[in-house]
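Chemist: Here you go, coords-v7.txt (compact mmCIF, N, CA and C atoms):
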# COMPACT_ATOMS: atom_id res chain seq x y z
N MET A 1 75.38 72.66 43.75
CA MET A 1 75.95 72.47 45.06
C MET A 1 77.23 73.29 45.21
N LYS A 2 78.08 73.23 44.16
CA LYS A 2 79.34 73.97 44.20
C LYS A 2 79.07 75.47 44.24
N ALA A 3 78.09 75.94 43.51
CA ALA A 3 77.74 77.36 43.49
C ALA A 3 77.22 77.80 44.85
N ASN A 4 76.39 76.95 45.51
CA ASN A 4 75.87 77.28 46.83
C ASN A 4 77.00 77.40 47.85
N LEU A 5 77.98 76.50 47.81
CA LEU A 5 79.11 76.53 48.73
C LEU A 5 79.92 77.80 48.51
N MET A 6 80.11 78.21 47.26
CA MET A 6 80.84 79.44 46.97
C MET A 6 80.06 80.65 47.47
N ASN A 7 78.74 80.63 47.33
CA ASN A 7 77.91 81.74 47.83
C ASN A 7 78.00 81.84 49.35
N VAL A 8 77.98 80.71 50.04
CA VAL A 8 78.09 80.69 51.50
C VAL A 8 79.44 81.26 51.92
N ARG A 9 80.51 80.83 51.25
CA ARG A 9 81.85 81.35 51.57
C ARG A 9 81.92 82.86 51.34
N PHE A 10 81.35 83.30 50.23
CA PHE A 10 81.36 84.72 49.89
C PHE A 10 80.62 85.51 50.98
N VAL A 11 79.44 85.05 51.38
CA VAL A 11 78.66 85.74 52.40
C VAL A 11 79.41 85.75 53.73
N LEU A 12 80.04 84.65 54.10
CA LEU A 12 80.83 84.59 55.33
C LEU A 12 82.01 85.56 55.29
N CYS A 13 82.69 85.63 54.17
CA CYS A 13 83.83 86.55 54.03
C CYS A 13 83.36 87.99 54.16
N ILE A 14 82.28 88.33 53.47
CA ILE A 14 81.74 89.70 53.54
C ILE A 14 81.28 90.01 54.97
N GLY A 15 80.59 89.07 55.59
CA GLY A 15 80.13 89.26 56.97
C GLY A 15 81.27 89.48 57.94
N THR A 16 82.33 88.68 57.80
CA THR A 16 83.51 88.83 58.66
C THR A 16 84.16 90.19 58.43
N PHE A 17 84.31 90.56 57.17
CA PHE A 17 84.91 91.85 56.84
C PHE A 17 84.10 92.99 57.47
N LEU A 18 82.77 92.97 57.32
CA LEU A 18 81.93 94.02 57.87
C LEU A 18 81.98 94.05 59.39
N PHE A 19 82.02 92.90 60.01
CA PHE A 19 82.08 92.83 61.47
C PHE A 19 83.33 93.53 61.98
N PHE A 20 84.49 93.25 61.41
CA PHE A 20 85.73 93.82 61.91
C PHE A 20 85.92 95.27 61.51
N THR A 21 85.37 95.70 60.41
CA THR A 21 85.54 97.10 60.01
C THR A 21 84.48 98.00 60.61
N ALA A 22 83.37 97.47 61.06
CA ALA A 22 82.30 98.28 61.62
C ALA A 22 82.51 98.57 63.10
N CYS A 23 83.38 97.85 63.76
CA CYS A 23 83.61 98.06 65.18
C CYS A 23 84.33 99.39 65.39
N GLU A 24 83.83 100.18 66.33
CA GLU A 24 84.46 101.47 66.63
C GLU A 24 85.76 101.24 67.37
N LYS A 25 86.80 101.92 66.94
CA LYS A 25 88.10 101.80 67.58
C LYS A 25 88.17 102.81 68.72
N THR A 26 88.49 102.35 69.92
CA THR A 26 88.64 103.25 71.05
C THR A 26 90.07 103.15 71.58
N GLN A 27 90.53 104.25 72.14
CA GLN A 27 91.87 104.26 72.70
C GLN A 27 91.79 103.68 74.10
N GLU A 28 92.41 102.54 74.30
CA GLU A 28 92.35 101.87 75.58
C GLU A 28 93.54 102.27 76.44
N ASP A 29 93.28 102.52 77.70
CA ASP A 29 94.33 102.87 78.63
C ASP A 29 94.98 101.57 79.12
N PRO A 30 96.29 101.38 78.88
CA PRO A 30 96.93 100.15 79.33
C PRO A 30 97.10 100.08 80.84
N ASP A 31 96.72 101.13 81.55
CA ASP A 31 96.80 101.16 83.01
C ASP A 31 95.37 101.21 83.56
N PRO A 32 94.66 100.07 83.63
CA PRO A 32 93.25 100.08 83.98
C PRO A 32 92.96 100.56 85.40
N THR A 33 93.95 100.57 86.26
CA THR A 33 93.76 101.07 87.62
C THR A 33 94.19 102.53 87.70
N ASN A 34 93.95 103.26 86.64
CA ASN A 34 94.48 104.60 86.48
C ASN A 34 94.09 105.52 87.62
N THR A 35 95.09 106.17 88.19
CA THR A 35 94.87 107.12 89.27
C THR A 35 94.77 108.55 88.75
N LEU A 36 94.89 108.75 87.45
CA LEU A 36 94.91 110.10 86.89
C LEU A 36 93.54 110.75 86.74
N VAL A 37 92.51 109.97 86.53
CA VAL A 37 91.20 110.53 86.20
C VAL A 37 90.75 111.50 87.30
N GLY A 38 90.39 112.72 86.85
CA GLY A 38 89.94 113.75 87.77
C GLY A 38 90.65 115.06 87.48
N THR A 39 90.38 116.04 88.32
CA THR A 39 90.99 117.36 88.18
C THR A 39 92.09 117.52 89.21
N TRP A 40 93.25 117.95 88.73
CA TRP A 40 94.44 118.09 89.55
C TRP A 40 94.90 119.54 89.57
N ASP A 41 95.36 120.00 90.73
CA ASP A 41 96.00 121.31 90.83
C ASP A 41 97.44 121.19 90.36
N VAL A 42 97.88 122.12 89.54
CA VAL A 42 99.29 122.18 89.15
C VAL A 42 99.98 122.90 90.30
N SER A 43 100.62 122.14 91.18
CA SER A 43 101.10 122.70 92.44
C SER A 43 102.57 123.09 92.44
N ALA A 44 103.36 122.56 91.53
CA ALA A 44 104.78 122.92 91.50
C ALA A 44 105.34 122.62 90.13
N GLY A 45 106.41 123.30 89.80
CA GLY A 45 107.10 123.07 88.54
C GLY A 45 108.56 123.45 88.68
N LYS A 46 109.37 122.91 87.80
CA LYS A 46 110.80 123.20 87.83
C LYS A 46 111.34 123.09 86.42
N LEU A 47 112.25 123.99 86.07
CA LEU A 47 112.94 123.97 84.79
C LEU A 47 114.42 123.75 85.05
N GLN A 48 115.00 122.77 84.37
CA GLN A 48 116.43 122.51 84.48
C GLN A 48 117.06 122.69 83.10
N SER A 49 118.10 123.52 83.06
CA SER A 49 118.76 123.83 81.81
C SER A 49 120.27 123.79 82.03
N PRO A 50 121.02 123.12 81.14
CA PRO A 50 122.48 123.07 81.31
C PRO A 50 123.12 124.46 81.33
N SER A 51 122.61 125.38 80.53
CA SER A 51 123.25 126.70 80.48
C SER A 51 122.65 127.69 81.47
N LEU A 52 121.37 127.52 81.84
CA LEU A 52 120.71 128.48 82.73
C LEU A 52 120.64 128.04 84.17
N GLY A 53 120.79 126.75 84.42
CA GLY A 53 120.66 126.23 85.78
C GLY A 53 119.27 125.71 86.05
N GLU A 54 118.88 125.77 87.32
CA GLU A 54 117.60 125.22 87.76
C GLU A 54 116.73 126.33 88.32
N PHE A 55 115.46 126.35 87.88
CA PHE A 55 114.53 127.37 88.33
C PHE A 55 113.25 126.71 88.82
N ASP A 56 112.76 127.15 89.97
CA ASP A 56 111.43 126.74 90.42
C ASP A 56 110.41 127.59 89.69
N ALA A 57 109.28 127.00 89.36
CA ALA A 57 108.20 127.72 88.69
C ALA A 57 107.10 128.01 89.68
N VAL A 58 106.53 129.20 89.58
CA VAL A 58 105.34 129.54 90.35
C VAL A 58 104.16 129.14 89.47
N THR A 59 103.30 128.30 90.00
CA THR A 59 102.22 127.73 89.20
C THR A 59 100.85 128.03 89.80
N SER A 60 99.84 128.07 88.93
CA SER A 60 98.45 128.15 89.38
C SER A 60 97.56 127.60 88.27
N GLY A 61 96.54 126.87 88.67
CA GLY A 61 95.61 126.32 87.70
C GLY A 61 95.45 124.82 87.84
N THR A 62 94.82 124.22 86.83
CA THR A 62 94.48 122.80 86.91
C THR A 62 94.73 122.07 85.60
N ILE A 63 94.81 120.74 85.71
CA ILE A 63 94.78 119.83 84.57
C ILE A 63 93.71 118.79 84.88
N THR A 64 92.82 118.56 83.92
CA THR A 64 91.75 117.58 84.10
C THR A 64 91.97 116.41 83.15
N PHE A 65 91.94 115.20 83.70
CA PHE A 65 92.03 113.96 82.93
C PHE A 65 90.66 113.29 83.00
N ARG A 66 90.02 113.10 81.84
CA ARG A 66 88.72 112.42 81.82
C ARG A 66 88.92 110.94 81.50
N ALA A 67 88.00 110.11 81.97
CA ALA A 67 88.10 108.66 81.80
C ALA A 67 88.06 108.25 80.33
N ASN A 68 87.52 109.10 79.45
CA ASN A 68 87.42 108.75 78.03
C ASN A 68 88.70 109.06 77.26
N GLY A 69 89.78 109.45 77.96
CA GLY A 69 91.05 109.71 77.30
C GLY A 69 91.21 111.13 76.79
N THR A 70 90.30 112.03 77.17
CA THR A 70 90.45 113.44 76.82
C THR A 70 90.77 114.23 78.08
N GLY A 71 91.17 115.46 77.90
CA GLY A 71 91.47 116.29 79.06
C GLY A 71 91.57 117.75 78.69
N GLN A 72 91.82 118.58 79.71
CA GLN A 72 91.94 120.02 79.52
C GLN A 72 93.00 120.54 80.49
N GLU A 73 93.94 121.30 79.94
CA GLU A 73 94.91 121.97 80.79
C GLU A 73 94.53 123.44 80.85
N ASN A 74 94.58 124.02 82.05
CA ASN A 74 94.21 125.41 82.26
C ASN A 74 95.05 125.94 83.42
N TYR A 75 96.30 126.30 83.11
CA TYR A 75 97.19 126.77 84.17
C TYR A 75 98.20 127.78 83.64
N ASP A 76 98.78 128.52 84.57
CA ASP A 76 99.84 129.47 84.28
C ASP A 76 101.07 129.07 85.08
N TYR A 77 102.22 129.39 84.55
CA TYR A 77 103.44 129.20 85.33
C TYR A 77 104.44 130.30 84.99
N THR A 78 105.19 130.70 86.00
CA THR A 78 106.18 131.76 85.84
C THR A 78 107.55 131.19 86.18
N VAL A 79 108.48 131.33 85.24
CA VAL A 79 109.85 130.85 85.41
C VAL A 79 110.79 131.99 85.03
N ALA A 80 111.70 132.33 85.92
CA ALA A 80 112.72 133.35 85.66
C ALA A 80 112.10 134.66 85.15
N GLY A 81 110.95 135.02 85.72
CA GLY A 81 110.31 136.27 85.35
C GLY A 81 109.43 136.21 84.12
N PHE A 82 109.37 135.10 83.43
CA PHE A 82 108.53 134.94 82.25
C PHE A 82 107.30 134.10 82.60
N THR A 83 106.12 134.59 82.22
CA THR A 83 104.87 133.88 82.51
C THR A 83 104.34 133.23 81.24
N PHE A 84 103.94 131.97 81.38
CA PHE A 84 103.40 131.19 80.27
C PHE A 84 102.02 130.69 80.68
N SER A 85 101.11 130.61 79.72
CA SER A 85 99.76 130.10 79.97
C SER A 85 99.52 128.88 79.09
N GLU A 86 98.89 127.88 79.68
CA GLU A 86 98.49 126.67 78.95
C GLU A 86 96.98 126.52 79.14
N ASN A 87 96.24 126.61 78.06
CA ASN A 87 94.79 126.45 78.10
C ASN A 87 94.38 125.68 76.85
N ASN A 88 94.56 124.37 76.91
CA ASN A 88 94.40 123.54 75.72
C ASN A 88 93.70 122.23 76.03
N PRO A 89 92.86 121.76 75.10
CA PRO A 89 92.36 120.39 75.22
C PRO A 89 93.45 119.43 74.76
N PHE A 90 93.36 118.19 75.21
CA PHE A 90 94.33 117.17 74.79
C PHE A 90 93.70 115.80 74.91
N THR A 91 94.33 114.82 74.29
CA THR A 91 94.02 113.42 74.54
C THR A 91 95.19 112.85 75.31
N TRP A 92 94.95 111.79 76.03
CA TRP A 92 96.02 111.22 76.85
C TRP A 92 95.84 109.71 76.97
N ILE A 93 96.95 109.09 77.27
CA ILE A 93 96.99 107.67 77.60
C ILE A 93 98.15 107.49 78.57
N SER A 94 98.03 106.54 79.46
CA SER A 94 99.09 106.37 80.45
C SER A 94 99.44 104.91 80.65
N THR A 95 100.62 104.72 81.17
CA THR A 95 101.08 103.42 81.65
C THR A 95 101.53 103.68 83.08
N PRO A 96 101.92 102.67 83.81
CA PRO A 96 102.42 102.92 85.16
C PRO A 96 103.68 103.80 85.18
N THR A 97 104.37 103.95 84.05
CA THR A 97 105.61 104.73 84.05
C THR A 97 105.58 106.00 83.19
N THR A 98 104.54 106.18 82.36
CA THR A 98 104.49 107.36 81.49
C THR A 98 103.06 107.90 81.37
N ILE A 99 102.98 109.16 80.96
CA ILE A 99 101.72 109.78 80.56
C ILE A 99 102.02 110.43 79.21
N VAL A 100 101.23 110.08 78.19
CA VAL A 100 101.45 110.63 76.86
C VAL A 100 100.31 111.60 76.56
N PHE A 101 100.67 112.86 76.30
CA PHE A 101 99.72 113.92 75.95
C PHE A 101 99.80 114.17 74.46
N ASP A 102 98.65 114.38 73.83
CA ASP A 102 98.62 114.77 72.43
C ASP A 102 97.63 115.92 72.31
N GLY A 103 98.18 117.11 72.07
CA GLY A 103 97.34 118.29 71.95
C GLY A 103 96.82 118.51 70.55
N GLY A 104 97.27 117.70 69.62
CA GLY A 104 96.79 117.79 68.25
C GLY A 104 97.48 118.84 67.41
N THR A 105 98.31 119.67 68.00
CA THR A 105 98.96 120.74 67.24
C THR A 105 100.46 120.55 67.10
N SER A 106 101.03 119.67 67.89
CA SER A 106 102.47 119.44 67.79
C SER A 106 102.74 117.98 68.15
N ASP A 107 103.99 117.66 68.32
CA ASP A 107 104.34 116.29 68.69
C ASP A 107 103.77 115.94 70.05
N GLU A 108 103.64 114.66 70.29
CA GLU A 108 103.19 114.19 71.60
C GLU A 108 104.22 114.59 72.65
N THR A 109 103.73 114.82 73.86
CA THR A 109 104.60 115.07 74.99
C THR A 109 104.52 113.85 75.90
N VAL A 110 105.66 113.29 76.24
CA VAL A 110 105.70 112.11 77.10
C VAL A 110 106.28 112.50 78.45
N TRP A 111 105.44 112.39 79.48
CA TRP A 111 105.91 112.61 80.84
C TRP A 111 106.40 111.28 81.39
N VAL A 112 107.57 111.27 81.96
CA VAL A 112 108.05 110.11 82.69
C VAL A 112 107.57 110.28 84.13
N ARG A 113 106.79 109.32 84.59
CA ARG A 113 106.24 109.42 85.95
C ARG A 113 107.35 109.19 86.97
N GLU A 114 107.48 110.16 87.88
CA GLU A 114 108.41 110.03 89.00
C GLU A 114 107.68 109.64 90.27
N LEU A 115 106.37 109.95 90.32
CA LEU A 115 105.54 109.61 91.47
C LEU A 115 104.13 109.38 90.95
N ASP A 116 103.49 108.30 91.37
CA ASP A 116 102.15 107.95 90.92
C ASP A 116 101.33 107.53 92.13
N GLN A 117 100.62 108.49 92.70
CA GLN A 117 99.78 108.22 93.86
C GLN A 117 98.39 108.80 93.61
N THR A 118 97.42 108.38 94.42
CA THR A 118 96.06 108.84 94.20
C THR A 118 95.90 110.33 94.48
N ASN A 119 96.75 110.92 95.31
CA ASN A 119 96.62 112.34 95.62
C ASN A 119 97.80 113.19 95.16
N GLU A 120 98.79 112.58 94.52
CA GLU A 120 99.92 113.34 94.00
C GLU A 120 100.55 112.61 92.81
N GLN A 121 100.82 113.37 91.76
CA GLN A 121 101.50 112.87 90.57
C GLN A 121 102.68 113.79 90.30
N ARG A 122 103.80 113.22 89.91
CA ARG A 122 104.94 114.03 89.52
C ARG A 122 105.55 113.41 88.28
N GLY A 123 105.80 114.25 87.29
CA GLY A 123 106.36 113.77 86.04
C GLY A 123 107.34 114.77 85.47
N ALA A 124 108.17 114.30 84.55
CA ALA A 124 109.15 115.16 83.90
C ALA A 124 109.15 114.87 82.41
N TYR A 125 109.39 115.91 81.63
CA TYR A 125 109.52 115.76 80.19
C TYR A 125 110.60 116.70 79.70
N THR A 126 111.07 116.47 78.49
CA THR A 126 112.14 117.29 77.94
C THR A 126 111.65 118.06 76.72
N ILE A 127 112.28 119.21 76.53
CA ILE A 127 112.05 120.01 75.33
C ILE A 127 113.42 120.42 74.81
N ILE A 128 113.48 120.73 73.54
CA ILE A 128 114.70 121.28 72.96
C ILE A 128 114.43 122.75 72.68
N GLN A 129 115.22 123.60 73.33
CA GLN A 129 115.03 125.03 73.17
C GLN A 129 116.39 125.69 73.09
N ASP A 130 116.58 126.56 72.14
CA ASP A 130 117.86 127.24 71.92
C ASP A 130 119.01 126.24 71.78
N GLY A 131 118.72 125.10 71.14
CA GLY A 131 119.75 124.12 70.86
C GLY A 131 120.16 123.25 72.03
N GLU A 132 119.47 123.34 73.17
CA GLU A 132 119.82 122.48 74.29
C GLU A 132 118.59 121.77 74.83
N ILE A 133 118.83 120.64 75.46
CA ILE A 133 117.74 119.85 76.04
C ILE A 133 117.45 120.39 77.44
N ARG A 134 116.20 120.76 77.66
CA ARG A 134 115.78 121.27 78.96
C ARG A 134 114.73 120.33 79.54
N THR A 135 114.80 120.13 80.84
CA THR A 135 113.87 119.24 81.53
C THR A 135 112.88 120.05 82.33
N ILE A 136 111.62 119.72 82.17
CA ILE A 136 110.55 120.37 82.93
C ILE A 136 109.90 119.32 83.82
N SER A 137 109.83 119.62 85.11
CA SER A 137 109.18 118.73 86.08
C SER A 137 107.90 119.41 86.57
N VAL A 138 106.84 118.62 86.70
CA VAL A 138 105.54 119.14 87.11
C VAL A 138 104.99 118.26 88.22
N THR A 139 104.44 118.90 89.25
CA THR A 139 103.77 118.19 90.34
C THR A 139 102.30 118.53 90.33
N LEU A 140 101.46 117.50 90.36
CA LEU A 140 100.01 117.65 90.40
C LEU A 140 99.50 117.11 91.73
N THR A 141 98.57 117.83 92.37
CA THR A 141 98.00 117.36 93.63
C THR A 141 96.48 117.48 93.59
N LYS A 142 95.83 116.61 94.38
CA LYS A 142 94.37 116.67 94.53
C LYS A 142 94.06 117.19 95.92
Give the structure from the file, written as structure tokens.

Modeler:
Amino acid sequence: MKANLMNVRFVLCIGTFLFFTACEKTQEDPDPTNTLVGTWDVSAGKLQSPSLGEFDAVTSGTITFRANGTGQENYDYTVAGFTFSENNPFTWISTPTTIVFDGGTSDETVWVRELDQTNEQRGAYTIIQDGEIRTISVTLTK
């Protein structure tokens, strides 16, 4: 009887262990009413730098956010005569106040949402370049 009870406990423990380890882990969006899913035009940009001042960026292209938490950026922007291209896949997750991008090649980029609407998104993030903190603002429209 004692051996049977130990066998039952052992089987239950193994079964519980397998149940919890076999479940696929998915990245859940904490903002279930997400307005980001879809393809957005990169319609405006701005660079703010303590030493250089403020520059508007000329932008063209799109960013796509898929419901499965993946996306693709495909846009160009020109600031102060320099043109940059972004053509990268990424994963993303959002909250009502942030969008976190992970391109897999560097640190995550966290956009602070300044505007969150179904047809317009605006966010800002910071980078450190030449020893100073610079702010980049991006506007997305549908």

Chemist: Could you list as a list in words every residue that has an atom within 6 Å of (89.7, 121.2, 75.2), using the file's coordinates and counting only C-alpha atoms?

Modeler: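 I get Gln72, Asn88 and Pro89 of chain A for the residues within 6 Å of that point.
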
Chemist: If you take only C-alpha atoms and a cut-off of 12 Å, which residues of stretch 89-128 of chain A touch stretch 42-52 of chain A, and what are their nearest atom pairs and distances in Å to one decimal, in chain and number order, as CSV?

Modeler:
residue,atom,partner,partner_atom,distance
A:Asn119,CA,A:Ser43,CA,11.7
A:Glu120,CA,A:Ser43,CA,9.6
A:Gln121,CA,A:Val42,CA,9.7
A:Arg122,CA,A:Ala44,CA,9.1
A:Gly123,CA,A:Gly45,CA,9.7
A:Ala124,CA,A:Lys46,CA,9.1
A:Tyr125,CA,A:Leu47,CA,10.0
A:Thr126,CA,A:Gln48,CA,9.4
A:Ile127,CA,A:Ser49,CA,10.1
A:Ile128,CA,A:Ser49,CA,10.1

Chemist: Quick one: pull the distance between atom C of A:Thr39 and atom N of A:Asn74, Å, one decimal.

Modeler: 10.0 Å

Chemist: Choose the residue, out of A:Thr70, A:Phe90, A:Leu140, A:Asp56, that has the smallest atom-to-atom separation from A:Asp102; count only N, CA and C atoms.

Modeler: A:Phe90

Chemist: Enter the distance from atom C of A:Gly69 to atom C of A:Ser85, in Å, rounded to one decimal.

Modeler: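 Calculated distance between atom C of A:Gly69 and atom C of A:Ser85 is 19.7 Å.
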
Chemist: Could you tell me how far atom N of A:Val79 sits from atom CA of A:Ile93, in Å to one decimal place?

Modeler: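 Computing it gives 27.4 Å between the two atoms.
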
Chemist: Between A:Glu132, A:Asp41, A:Glu108, A:Asp116, which residue has the minimum interatomic distance to A:Pro96, considering only C-alpha atoms?

Modeler: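 The closest residue to A:Pro96 is A:Asp116.
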
Chemist: Calculated over only C-alpha atoms, which of the candidates A:Tyr77, A:Phe65, A:Leu115, A:Asn87 has the smallest distance to A:Phe101?

Modeler: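 Residue with the minimum atom-to-atom distance to A:Phe101: A:Phe65.
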
Chemist: Counting only C-alpha atoms, figure out which residue out of A:Thr135, A:Gly103, A:Gln129, A:Arg66 gets nearest to A:Gly53.

Modeler: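 Among the listed residues, the smallest separation from A:Gly53 belongs to A:Thr135.
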
Chemist: Between A:Trp92, A:Tyr75, A:Thr98, A:Val112, which is the closest to A:Thr59 once you count only N, CA and C atoms?

Modeler: A:Tyr75

Chemist: Enclose the full set of atoms of stretch 137-142 of chain A listed in the file within a box whose edges lie along x, y and z, apply 4 Å of padding to each of the six sides, and report centre and edge lengths in Å to one decimal as JSON.

Modeler:
{"center_x": 101.9, "center_y": 118.1, "center_z": 90.5, "size_x": 23.8, "size_y": 11.0, "size_z": 18.8}
